[in-house]
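Heads up: the structure comes next, in structure tokens.
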Amino acid sequence: MNNLNIKKRIVLTGGPGGGKTTAIDLIRREFAGKLAIVPESATMIFSGGIERAANDEVLKAQQTAIFNLQKNLEDIQRATYPDCVILCDRGTLDGLTYWPSSDEDFFETMNTSLEEEFARYDAVIFFETAAKSGESIRSNNPIRTESEHAAIELDNKLQQVWSKHPNFNLVSSSESFIRKVMFGIMTVENVIGQYK
């Protein structure tokens, strides 16, 4: 089983409307048997009957639930697929973007640090929102409620957090969608190649 017991997790993240969900479906097909997908925890919670909140206390409770679910889903996939690279549809630090108070409060509430969370992931692939290129981000996803303006703000905040990761890979909104997916596939391939 050579080096396959070494942690290998990739985060695929970015602002709303970046093409992340479609890219994950294509990457899943490309790496069948080598990759296990961690679904987006926020989508699971909000599509399960929990309403989005504006109240700070409720928002904190929701983000805490999303953070813990994300970690548990990653652990489940790692235990279920020990020989696979784990591809995460978003990561534990995405919640920092939605946290209604300070970063310090987020890390204290979650009992972690930026460094600890970065250490969970080998690479970050960031799909910039199409809204930054003036394109529509409308989709069939009923969970997505953001306007183009809100998508750009979220994208900027997410990029500010994740760009500090030592293996951060930006896929610009100016790229064609096919190029975005190809870049994502190449990055996944490179990480898998490190463990052969």
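Chain labels A, B, ... are given in the sequence in which chains occur in the structure tokens; within each chain residues are numbered consecutively from 1, and ligands are likewise numbered from 1 in the order shown.
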Fewer than 6 positions away in the same chain doesn't count, so skip those; otherwise give me all residues within 9 Å of A:Phe168, counting only C-alpha atoms, as a compact mmCIF listing (two decimals) with all heavy atoms, in the first residue's frame.
# COMPACT_ATOMS: atom_id res chain seq x y z
N ALA A 123 -3.90 20.55 -0.95
CA ALA A 123 -4.02 21.54 -2.03
C ALA A 123 -5.39 22.19 -2.00
O ALA A 123 -6.35 21.58 -1.53
CB ALA A 123 -3.77 20.88 -3.39
N VAL A 124 -5.45 23.41 -2.51
CA VAL A 124 -6.71 24.14 -2.65
C VAL A 124 -6.83 24.56 -4.11
O VAL A 124 -5.92 25.17 -4.67
CB VAL A 124 -6.73 25.41 -1.75
CG1 VAL A 124 -8.02 26.20 -1.98
CG2 VAL A 124 -6.56 25.05 -0.29
N ILE A 125 -7.95 24.21 -4.73
CA ILE A 125 -8.25 24.66 -6.09
C ILE A 125 -9.43 25.62 -5.95
O ILE A 125 -10.50 25.24 -5.48
CB ILE A 125 -8.62 23.49 -7.02
CG1 ILE A 125 -7.52 22.43 -7.01
CG2 ILE A 125 -8.87 24.00 -8.44
CD1 ILE A 125 -7.88 21.15 -7.75
N PHE A 126 -9.19 26.87 -6.34
CA PHE A 126 -10.18 27.93 -6.13
C PHE A 126 -10.77 28.35 -7.47
O PHE A 126 -10.08 28.90 -8.32
CB PHE A 126 -9.51 29.13 -5.45
CG PHE A 126 -10.49 30.16 -4.95
CD1 PHE A 126 -10.88 30.16 -3.62
CD2 PHE A 126 -11.02 31.12 -5.81
CE1 PHE A 126 -11.79 31.10 -3.15
CE2 PHE A 126 -11.92 32.06 -5.34
CZ PHE A 126 -12.31 32.05 -4.01
N TRP A 162 -8.38 31.46 1.71
CA TRP A 162 -7.72 30.28 1.15
C TRP A 162 -6.40 30.60 0.45
O TRP A 162 -5.53 29.73 0.33
CB TRP A 162 -8.65 29.56 0.18
CG TRP A 162 -9.74 28.79 0.88
CD1 TRP A 162 -11.08 29.06 0.87
CD2 TRP A 162 -9.60 27.60 1.66
NE1 TRP A 162 -11.76 28.13 1.60
CE2 TRP A 162 -10.88 27.22 2.09
CE3 TRP A 162 -8.50 26.82 2.04
CZ2 TRP A 162 -11.11 26.09 2.88
CZ3 TRP A 162 -8.72 25.70 2.83
CH2 TRP A 162 -10.01 25.34 3.24
Practice problem: Please identify all polymer residues within 10 Å of stretch 171-185 of chain A, counting only C-alpha atoms, omitting same-chain residues fewer than 3 positions from it, and present them as a PyMOL selection string. | Solution: chain A and resi 12+14+17-20+22-24+26-28+30-31+124-135+168+188-190
Quiz item: Hey, what does DSSP flag as helix (DSSP H, G or I) within stretch 13-76 of chain A? Can you give it to me as a PyMOL selection string?
Solution: chain A and resi 20-30+41-46+56-76
Quiz item: Quick one: DSSP strand (DSSP E) residues in stretch 20-61 of chain A, as number ranges by chain?
Solution: A: 35-38
Self-check item: For A:Phe46, the nearest of the candidates A:Gln62, A:Ala32, A:Ile152, A:Glu74, counting only C-alpha atoms
Solution: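 For A:Phe46, the nearest of the given residues is A:Gln62.
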